[in-house]
Amino acid sequence: MEGMNVNLISGRTTVQGQNLDSKLTEKYFDEVAVCNLNGSDMEKLGVAPDDNVKVTTAYGAVVVKAKQDDGNPEGLIFIPMGPWANVLVSGYTEGAGMPRFKGIAAEIGKTAETVLPVKELMRTYME
Amino acid sequence: MVEITDVVCSLCGCVCDDIVLEVENNEVVKVKRGACSVGKSKLLGHERIKSPMIRENGELKECSYDEAIKKAAEILYKSRRPLLYGWSSTVCEADSAGIELAEDIGGVVDNTATVCHGPSVLAIQDVGIPSCTLGEVKNRADLIIYWGANPAQAHANHMKRYSYVSKGYWTAEGKKGKKLVVVDVRKTMTSKMADVFIQVEQGKDYQVFSALRAILRGHEDVVPDKVGGVSKEQLLEVANMVKEAKFGITFFGMGVTHTGARHNNIVNAIQFTRAGHLYGKWSIMPMRGHFNVTGFNQVCTWQTGFPFSVDLSRGYAWYNPGETSSTDLLYREDCDSALIIASDPGAHFPGAALRHLAKIPVIQIDPFANPTTEFADVVIPAAISGIECEGGVYRMDNIPIRLRKILETDYYVPDAEIVERIHAEVRALREKEGE
């Protein structure tokens, strides 16, 4: 299955908030290294819940697990704020001081690649 | 077992101050009342950084507080343009000491507003803000709007203590006598509670604010059938609710600060609030995240004249978000060290900015290890503000509240003391060089 063009946003969730002080735990990983998308988008992509998906923007690419959330309209994907979402965000703030964390053009597709644990993900910035 | 009442929560901008805890053997064993699930998780505690550490040959090695503080001072003293970032999950006393340090060493001082409500601050500077306290909302508001915010998940006590579900002097019936409007790009736990849910197309909030302003100001005829994915019929319905309300409030979140128009969205949100004044009392308030993100902006304004993103490297305060904000500074590779306190840019900054943070010397002051720790060259564990040490903070409505000390610690040092000790070491290095 080829990739699909989508609009990416990020934001808070309850479990993400509960683990603000324990970001190196599995609970945080399970909650934040995911991509929430509409069921019909999942069908189009041929992905089931917990399948790995690769999200790519002009600024980076990251592998996360797919999670169904029909609260999202079709074509809008939500990755909880955190290290995985931020791989995909531009550092250029367009003179505003605020990065554009929401409304990022992205491509999403099924992948056999694995989701990087947080420490390994951080190490990619040191390379 | 001891029961402690009126505990103040040091998690989010709600700063709930009616929490009841059970403490046994200097440990919180139960959160009996008051806290939401997120606050409860903080109060019950997480694994701590056990010792100060200095990175040697790529590995963090345990050391004493004195050694770590000395190393931190050396890094800052040698730097030409250090970034001192964070300051939102600590108390005003630490913020004040940090700004003084930044001024002395010619650094750039910035807080988490830079990736949160920075655009709201800019908008308020642009057009002012008609606002109020959360107490006024609780006792008076009969129409509550959450716009680009999901308090059911991010500020879980907000509706219960202050807005839709709370009962106050003129709102004794609670939610029976109130209306809730939620505006968001997706259905959320908050939108499920709403009397009216407006699902706006992502990035089109500005247009929807404009349409509502036009209707409220009597220019319904210029509004097309659909604006930003919202039907004119629904816009008219909400505008009517605004007209009929005695006391309305718009709470807004990252849904409007993080999108394309950024501060312009907030300027328009404030002007929408002003249009509401034609009919009744209207206020607007940002849903501030960290428990003292607001306090840093207060303290920084007292000390430098500006609320955040302040460059003190010129010998006077220079404020120009977009240039002096942390993301821009890191993205431009325009700082040569960083002191990160009470925050986690490793998790919350764009990857493109983190590449530079990974390269420069980083000092981390925090009670807990987090992604930023991976970049840290010096790690200094802190006492937890509001649990192991007291201090002043500002709630999201700019009301100052004092955090209490609940547990004893004979080891961990409060943030303010760590910063003051680093500053004393910097002065000592300067004196030594002057000899």
# chains A, B, ... in the order shown; residues from 1 in each chain; ligands from 1
$ closest_atom_pairs --of "chain A" --to "chain B" --cutoff "8 Å" --atoms "only C-alpha atoms" --output "tab-separated table"
residue	atom	partner	partner_atom	distance
A:Gly11	CA	B:Met254	CA	7.6
A:Arg12	CA	B:Ala154	CA	6.0
A:Thr13	CA	B:Gln153	CA	5.5
A:Thr14	CA	B:Gln153	CA	4.7
A:Val15	CA	B:Val38	CA	7.6
A:Gly17	CA	B:Val38	CA	5.8
A:Gln18	CA	B:Val38	CA	4.5
A:Asn19	CA	B:Ser41	CA	7.6
A:Asp21	CA	B:Phe368	CA	6.0
A:Ser22	CA	B:His46	CA	6.3
A:Lys23	CA	B:Asn370	CA	5.6
A:Leu24	CA	B:Asn370	CA	6.2
A:Tyr59	CA	B:Ala352	CA	7.5
A:Gly71	CA	B:Lys187	CA	4.3
A:Asn72	CA	B:Arg186	CA	4.8
A:Pro73	CA	B:Arg186	CA	6.3
A:Met81	CA	B:His348	CA	6.9
A:Gly82	CA	B:Ala347	CA	4.8
A:Pro83	CA	B:Ala347	CA	4.4
A:Asn86	CA	B:Pro350	CA	4.7
A:Val87	CA	B:Gly351	CA	4.7
A:Leu88	CA	B:Gly351	CA	7.1
A:Val89	CA	B:Pro350	CA	5.1
A:Ser90	CA	B:Pro350	CA	6.1
A:Gly91	CA	B:Ala352	CA	4.9
A:Tyr92	CA	B:Asp328	CA	6.7
A:Thr93	CA	B:Gly322	CA	6.6
A:Glu94	CA	B:Gly322	CA	7.3
A:Gly95	CA	B:Gly322	CA	4.2
A:Ala96	CA	B:Gly322	CA	4.6
A:Gly97	CA	B:Gly322	CA	3.7
A:Met98	CA	B:Val115	CA	5.6
A:Pro99	CA	B:Val115	CA	6.9
A:Arg100	CA	B:His258	CA	5.5
A:Phe101	CA	B:His258	CA	5.4
A:Lys102	CA	B:Thr259	CA	5.2
A:Gly103	CA	B:Thr259	CA	6.1
A:Val118	CA	B:Pro371	CA	6.9
A:Lys119	CA	B:Pro371	CA	6.8
A:Met122	CA	B:Glu374	CA	6.7
A:Arg123	CA	B:Glu374	CA	7.6
A:Tyr125	CA	B:Arg355	CA	5.0
A:Met126	CA	B:Ala358	CA	5.6
$ write_last_selection --atoms "N, CA and C atoms" --output "CSV table (one decimal), in the first residue's frame"
chain,number,residue,atom,x,y,z
A,11,GLY,N,-0.8,17.0,20.4
A,11,GLY,CA,-1.5,17.6,21.5
A,11,GLY,C,-1.5,16.7,22.7
A,12,ARG,N,-2.1,17.1,23.8
A,12,ARG,CA,-2.0,16.4,25.1
A,12,ARG,C,-3.0,15.3,25.1
A,13,THR,N,-2.7,14.2,26.0
A,13,THR,CA,-3.7,13.2,26.3
A,13,THR,C,-3.5,13.0,27.9
A,14,THR,N,-4.5,12.4,28.5
A,14,THR,CA,-4.5,12.1,29.9
A,14,THR,C,-3.3,11.3,30.3
A,15,VAL,N,-3.0,10.2,29.6
A,15,VAL,CA,-1.9,9.3,30.0
A,15,VAL,C,-0.6,10.0,29.8
A,17,GLY,N,-0.1,13.1,30.1
A,17,GLY,CA,0.1,14.0,31.3
A,17,GLY,C,0.4,13.3,32.6
A,18,GLN,N,-0.1,12.1,32.7
A,18,GLN,CA,0.2,11.3,33.9
A,18,GLN,C,1.6,10.9,34.0
A,19,ASN,N,2.3,10.8,32.8
A,19,ASN,CA,3.6,10.4,32.7
A,19,ASN,C,4.6,11.5,32.3
A,21,ASP,N,6.4,13.1,34.3
A,21,ASP,CA,7.6,13.0,35.1
A,21,ASP,C,8.2,11.6,35.0
A,22,SER,N,7.6,10.8,34.1
A,22,SER,CA,8.2,9.4,33.9
A,22,SER,C,8.2,9.1,32.4
A,23,LYS,N,8.9,9.9,31.6
A,23,LYS,CA,8.8,9.8,30.2
A,23,LYS,C,9.7,8.6,29.7
A,24,LEU,N,10.5,8.0,30.6
A,24,LEU,CA,11.4,7.0,30.1
A,24,LEU,C,10.7,5.6,30.4
A,59,TYR,N,10.4,17.6,7.3
A,59,TYR,CA,11.4,17.8,8.3
A,59,TYR,C,12.0,16.6,8.9
A,71,GLY,N,-12.8,10.0,16.3
A,71,GLY,CA,-13.0,11.4,16.6
A,71,GLY,C,-12.2,12.3,15.6
A,72,ASN,N,-11.2,11.8,15.0
A,72,ASN,CA,-10.4,12.5,14.0
A,72,ASN,C,-11.2,12.5,12.7
A,73,PRO,N,-11.4,13.6,12.0
A,73,PRO,CA,-11.9,13.6,10.7
A,73,PRO,C,-11.0,12.9,9.8
A,81,MET,N,1.7,14.9,21.9
A,81,MET,CA,2.9,15.8,21.9
A,81,MET,C,4.0,15.0,22.6
A,82,GLY,N,5.2,15.1,22.1
A,82,GLY,CA,6.3,14.3,22.7
A,82,GLY,C,7.4,14.1,21.7
A,83,PRO,N,8.4,13.3,22.0
A,83,PRO,CA,9.6,13.1,21.2
A,83,PRO,C,9.3,12.6,19.8
A,86,ASN,N,7.6,15.3,17.6
A,86,ASN,CA,8.5,16.4,17.3
A,86,ASN,C,9.6,16.2,16.3
A,87,VAL,N,9.8,14.9,15.9
A,87,VAL,CA,10.7,14.6,14.8
A,87,VAL,C,10.2,15.3,13.5
A,88,LEU,N,8.9,15.4,13.5
A,88,LEU,CA,8.2,15.8,12.3
A,88,LEU,C,8.0,17.3,12.2
A,89,VAL,N,8.4,18.1,13.2
A,89,VAL,CA,8.1,19.5,13.3
A,89,VAL,C,9.3,20.3,12.8
A,90,SER,N,9.0,21.4,12.1
A,90,SER,CA,10.0,22.3,11.6
A,90,SER,C,10.6,23.2,12.7
A,91,GLY,N,11.9,23.5,12.7
A,91,GLY,CA,12.5,24.4,13.7
A,91,GLY,C,12.3,25.8,13.3
A,92,TYR,N,11.9,26.1,12.1
A,92,TYR,CA,11.7,27.4,11.6
A,92,TYR,C,10.3,27.9,12.1
A,93,THR,N,10.3,29.0,12.8
A,93,THR,CA,9.1,29.5,13.4
A,93,THR,C,8.4,30.6,12.5
A,94,GLU,N,8.9,30.8,11.4
A,94,GLU,CA,8.3,31.9,10.5
A,94,GLU,C,8.3,33.2,11.2
A,95,GLY,N,9.3,33.5,12.0
A,95,GLY,CA,9.4,34.8,12.7
A,95,GLY,C,8.4,34.9,13.9
A,96,ALA,N,7.7,33.9,14.2
A,96,ALA,CA,6.7,34.0,15.2
A,96,ALA,C,7.2,33.5,16.6
A,97,GLY,N,8.3,32.8,16.6
A,97,GLY,CA,8.8,32.3,17.9
A,97,GLY,C,8.2,30.9,18.3
A,98,MET,N,7.1,30.7,17.7
A,98,MET,CA,6.3,29.4,18.0
A,98,MET,C,6.4,28.4,16.8
A,99,PRO,N,6.9,27.2,17.1
A,99,PRO,CA,7.0,26.3,16.0
A,99,PRO,C,5.5,25.9,15.6
A,100,ARG,N,5.4,25.5,14.4
A,100,ARG,CA,4.0,25.0,13.9
A,100,ARG,C,3.9,23.6,14.3
A,101,PHE,N,3.3,23.3,15.5
A,101,PHE,CA,3.1,22.0,16.0
A,101,PHE,C,1.9,21.3,15.4
A,102,LYS,N,1.0,22.1,14.8
A,102,LYS,CA,-0.3,21.6,14.2
A,102,LYS,C,-0.4,22.1,12.8
A,103,GLY,N,-1.0,21.2,12.0
A,103,GLY,CA,-1.2,21.6,10.6
A,103,GLY,C,0.0,21.4,9.8
A,118,VAL,N,12.6,5.8,23.4
A,118,VAL,CA,12.9,7.2,23.5
A,118,VAL,C,14.4,7.5,23.5
A,119,LYS,N,15.2,6.7,24.3
A,119,LYS,CA,16.6,7.0,24.3
A,119,LYS,C,17.3,6.9,23.0
A,122,MET,N,16.4,9.9,20.8
A,122,MET,CA,17.3,11.1,21.2
A,122,MET,C,18.7,10.9,20.6
A,123,ARG,N,19.2,9.7,20.6
A,123,ARG,CA,20.5,9.5,20.1
A,123,ARG,C,20.6,9.9,18.6
A,125,TYR,N,19.7,12.4,17.3
A,125,TYR,CA,20.0,13.8,17.1
A,125,TYR,C,21.5,14.1,17.4
A,126,MET,N,22.2,13.1,17.9
A,126,MET,CA,23.7,13.3,18.2
A,126,MET,C,24.5,12.8,17.0
$ select_by_dssp --residues "segment 112-336 of chain B" --states "alpha helix (DSSP H)" --output "ChimeraX atom specification"
/B:118-127,134-140,151-154,158-161,205-216,232-244,254-257,263-276,293-304,326-331
$ write_last_selection --atoms "C-alpha atoms" --output "mmCIF file, in the first residue's frame"
data_model
loop_
_atom_site.group_PDB
_atom_site.id
_atom_site.type_symbol
_atom_site.label_atom_id
_atom_site.label_comp_id
_atom_site.auth_asym_id
_atom_site.auth_seq_id
_atom_site.Cartn_x
_atom_site.Cartn_y
_atom_site.Cartn_z
ATOM 1 C CA GLY B 118 3.827 32.592 23.714
ATOM 2 C CA PRO B 119 1.499 33.705 20.886
ATOM 3 C CA SER B 120 -1.149 34.552 23.502
ATOM 4 C CA VAL B 121 1.339 36.811 25.290
ATOM 5 C CA LEU B 122 2.133 38.539 21.980
ATOM 6 C CA ALA B 123 -1.568 39.016 21.222
ATOM 7 C CA ILE B 124 -2.220 40.448 24.679
ATOM 8 C CA GLN B 125 0.621 42.927 24.152
ATOM 9 C CA ASP B 126 -0.942 43.803 20.821
ATOM 10 C CA VAL B 127 -4.579 44.404 21.809
ATOM 11 C CA LEU B 134 -11.423 31.714 37.764
ATOM 12 C CA GLY B 135 -13.422 32.616 40.877
ATOM 13 C CA GLU B 136 -15.499 35.025 38.813
ATOM 14 C CA VAL B 137 -16.046 32.315 36.207
ATOM 15 C CA LYS B 138 -17.176 29.879 38.879
ATOM 16 C CA ASN B 139 -19.607 32.298 40.499
ATOM 17 C CA ARG B 140 -20.959 34.079 37.428
ATOM 18 C CA PRO B 151 -9.567 20.226 29.423
ATOM 19 C CA ALA B 152 -11.181 16.827 30.034
ATOM 20 C CA GLN B 153 -7.727 15.415 29.306
ATOM 21 C CA ALA B 154 -5.251 18.270 29.783
ATOM 22 C CA HIS B 158 -10.907 22.770 35.260
ATOM 23 C CA MET B 159 -14.582 22.235 34.475
ATOM 24 C CA LYS B 160 -15.366 20.825 37.918
ATOM 25 C CA ARG B 161 -13.623 23.508 39.970
ATOM 26 C CA ASP B 205 -10.033 29.225 13.498
ATOM 27 C CA TYR B 206 -9.197 32.783 12.443
ATOM 28 C CA GLN B 207 -11.942 32.784 9.845
ATOM 29 C CA VAL B 208 -14.486 31.393 12.311
ATOM 30 C CA PHE B 209 -13.648 34.074 14.910
ATOM 31 C CA SER B 210 -14.053 36.680 12.164
ATOM 32 C CA ALA B 211 -17.448 35.295 11.124
ATOM 33 C CA LEU B 212 -18.717 35.333 14.708
ATOM 34 C CA ARG B 213 -17.438 38.889 15.163
ATOM 35 C CA ALA B 214 -19.250 39.965 12.000
ATOM 36 C CA ILE B 215 -22.539 38.435 13.162
ATOM 37 C CA LEU B 216 -22.253 39.928 16.663
ATOM 38 C CA LYS B 232 -23.675 29.672 8.875
ATOM 39 C CA GLU B 233 -26.629 28.150 10.724
ATOM 40 C CA GLN B 234 -24.343 26.894 13.482
ATOM 41 C CA LEU B 235 -22.453 30.189 13.632
ATOM 42 C CA LEU B 236 -25.771 32.031 14.068
ATOM 43 C CA GLU B 237 -26.760 29.591 16.819
ATOM 44 C CA VAL B 238 -23.540 30.262 18.754
ATOM 45 C CA ALA B 239 -23.771 34.009 18.161
ATOM 46 C CA ASN B 240 -27.275 33.927 19.638
ATOM 47 C CA MET B 241 -25.983 32.083 22.680
ATOM 48 C CA VAL B 242 -23.330 34.777 23.065
ATOM 49 C CA LYS B 243 -25.984 37.514 22.813
ATOM 50 C CA GLU B 244 -28.167 35.871 25.447
ATOM 51 C CA MET B 254 -2.883 25.066 21.909
ATOM 52 C CA GLY B 255 -5.380 24.404 19.137
ATOM 53 C CA VAL B 256 -5.162 28.101 18.319
ATOM 54 C CA THR B 257 -1.600 28.981 19.409
ATOM 55 C CA HIS B 263 -0.810 35.138 17.679
ATOM 56 C CA ASN B 264 -3.170 36.502 15.024
ATOM 57 C CA ASN B 265 -5.651 33.790 16.040
ATOM 58 C CA ILE B 266 -5.532 35.084 19.594
ATOM 59 C CA VAL B 267 -5.874 38.722 18.541
ATOM 60 C CA ASN B 268 -9.045 37.690 16.719
ATOM 61 C CA ALA B 269 -10.243 35.648 19.720
ATOM 62 C CA ILE B 270 -9.825 38.738 21.912
ATOM 63 C CA GLN B 271 -11.699 40.887 19.389
ATOM 64 C CA PHE B 272 -14.478 38.269 19.357
ATOM 65 C CA THR B 273 -14.642 38.689 23.150
ATOM 66 C CA ARG B 274 -14.916 42.462 22.699
ATOM 67 C CA ALA B 275 -17.813 41.938 20.276
ATOM 68 C CA GLY B 276 -19.518 39.978 23.084
ATOM 69 C CA VAL B 293 4.309 29.062 33.510
ATOM 70 C CA THR B 294 2.281 32.190 34.310
ATOM 71 C CA GLY B 295 4.480 32.991 37.330
ATOM 72 C CA PHE B 296 7.658 33.044 35.268
ATOM 73 C CA ASN B 297 6.058 35.553 32.895
ATOM 74 C CA GLN B 298 5.152 37.719 35.907
ATOM 75 C CA VAL B 299 8.603 37.549 37.506
ATOM 76 C CA CYS B 300 10.445 38.064 34.199
ATOM 77 C CA THR B 301 8.325 41.155 33.537
ATOM 78 C CA TRP B 302 9.143 42.614 36.965
ATOM 79 C CA GLN B 303 12.857 42.015 36.515
ATOM 80 C CA THR B 304 13.479 42.665 32.823
ATOM 81 C CA SER B 326 14.481 29.235 22.317
ATOM 82 C CA THR B 327 13.446 27.333 19.201
ATOM 83 C CA ASP B 328 14.832 30.042 16.928
ATOM 84 C CA LEU B 329 18.009 30.338 18.958
ATOM 85 C CA LEU B 330 18.672 26.593 18.774
ATOM 86 C CA TYR B 331 17.607 26.296 15.144
#
$ closest_residue --among "A:Ile9, A:Val64, A:Met4, A:Gln16" --to "Trp84 of chain A" --atoms "only C-alpha atoms"
A:Val64
$ select_by_dssp --residues "chain A" --states "strand (DSSP E or B)" --output "ChimeraX atom specification"
/A:4-11,34-37,52-57,60-68,76-80,104-110
$ closest_residue --among "A:Leu76, A:Val6, A:Ala58, A:Val53" --to "Val115 of chain A" --atoms "only C-alpha atoms"
A:Val53
$ closest_residue --among "A:Pro80, A:Pro49, A:Gly75, A:Gly39" --to "Ile108 of chain A" --atoms "only C-alpha atoms"
A:Gly75
$ closest_residue --among "B:Lys61, B:His290, B:Arg402, B:Lys167" --to "Ala342 of chain B" --atoms "only C-alpha atoms"
B:His290
$ residues_around --residues "Asp95 of chain B" --least-positions-apart "3" --cutoff "9 Å" --atoms "only C-alpha atoms" --output "count of residues only"
14
$ residues_around --residues "Ala428 of chain B" --least-positions-apart "4" --cutoff "12 Å" --atoms "only C-alpha atoms" --output "short mmCIF file (atom, residue, chain, number, x, y, z; two decimals) with C-alpha atoms, in the first residue's frame"
data_model
loop_
_atom_site.label_atom_id
_atom_site.label_comp_id
_atom_site.auth_asym_id
_atom_site.auth_seq_id
_atom_site.Cartn_x
_atom_site.Cartn_y
_atom_site.Cartn_z
CA LYS B 70 30.96 23.84 40.15
CA ALA B 73 29.18 27.29 36.78
CA GLU B 74 32.29 26.60 34.66
CA TYR B 77 31.08 31.18 32.80
CA ARG B 421 24.75 28.28 44.34
CA ILE B 422 25.64 28.12 40.62
CA HIS B 423 25.54 31.92 40.52
CA ALA B 424 27.82 32.18 43.57
CA LYS B 432 39.48 34.46 40.59
CA GLU B 433 40.10 35.54 37.01
CA GLY B 434 40.20 39.18 38.08
CA GLU B 435 42.96 38.51 40.62
#
$ atom_distance --atom1 "atom CA of Thr111 of chain A" --atom2 "atom CA of Asp51 of chain A"
8.1 Å
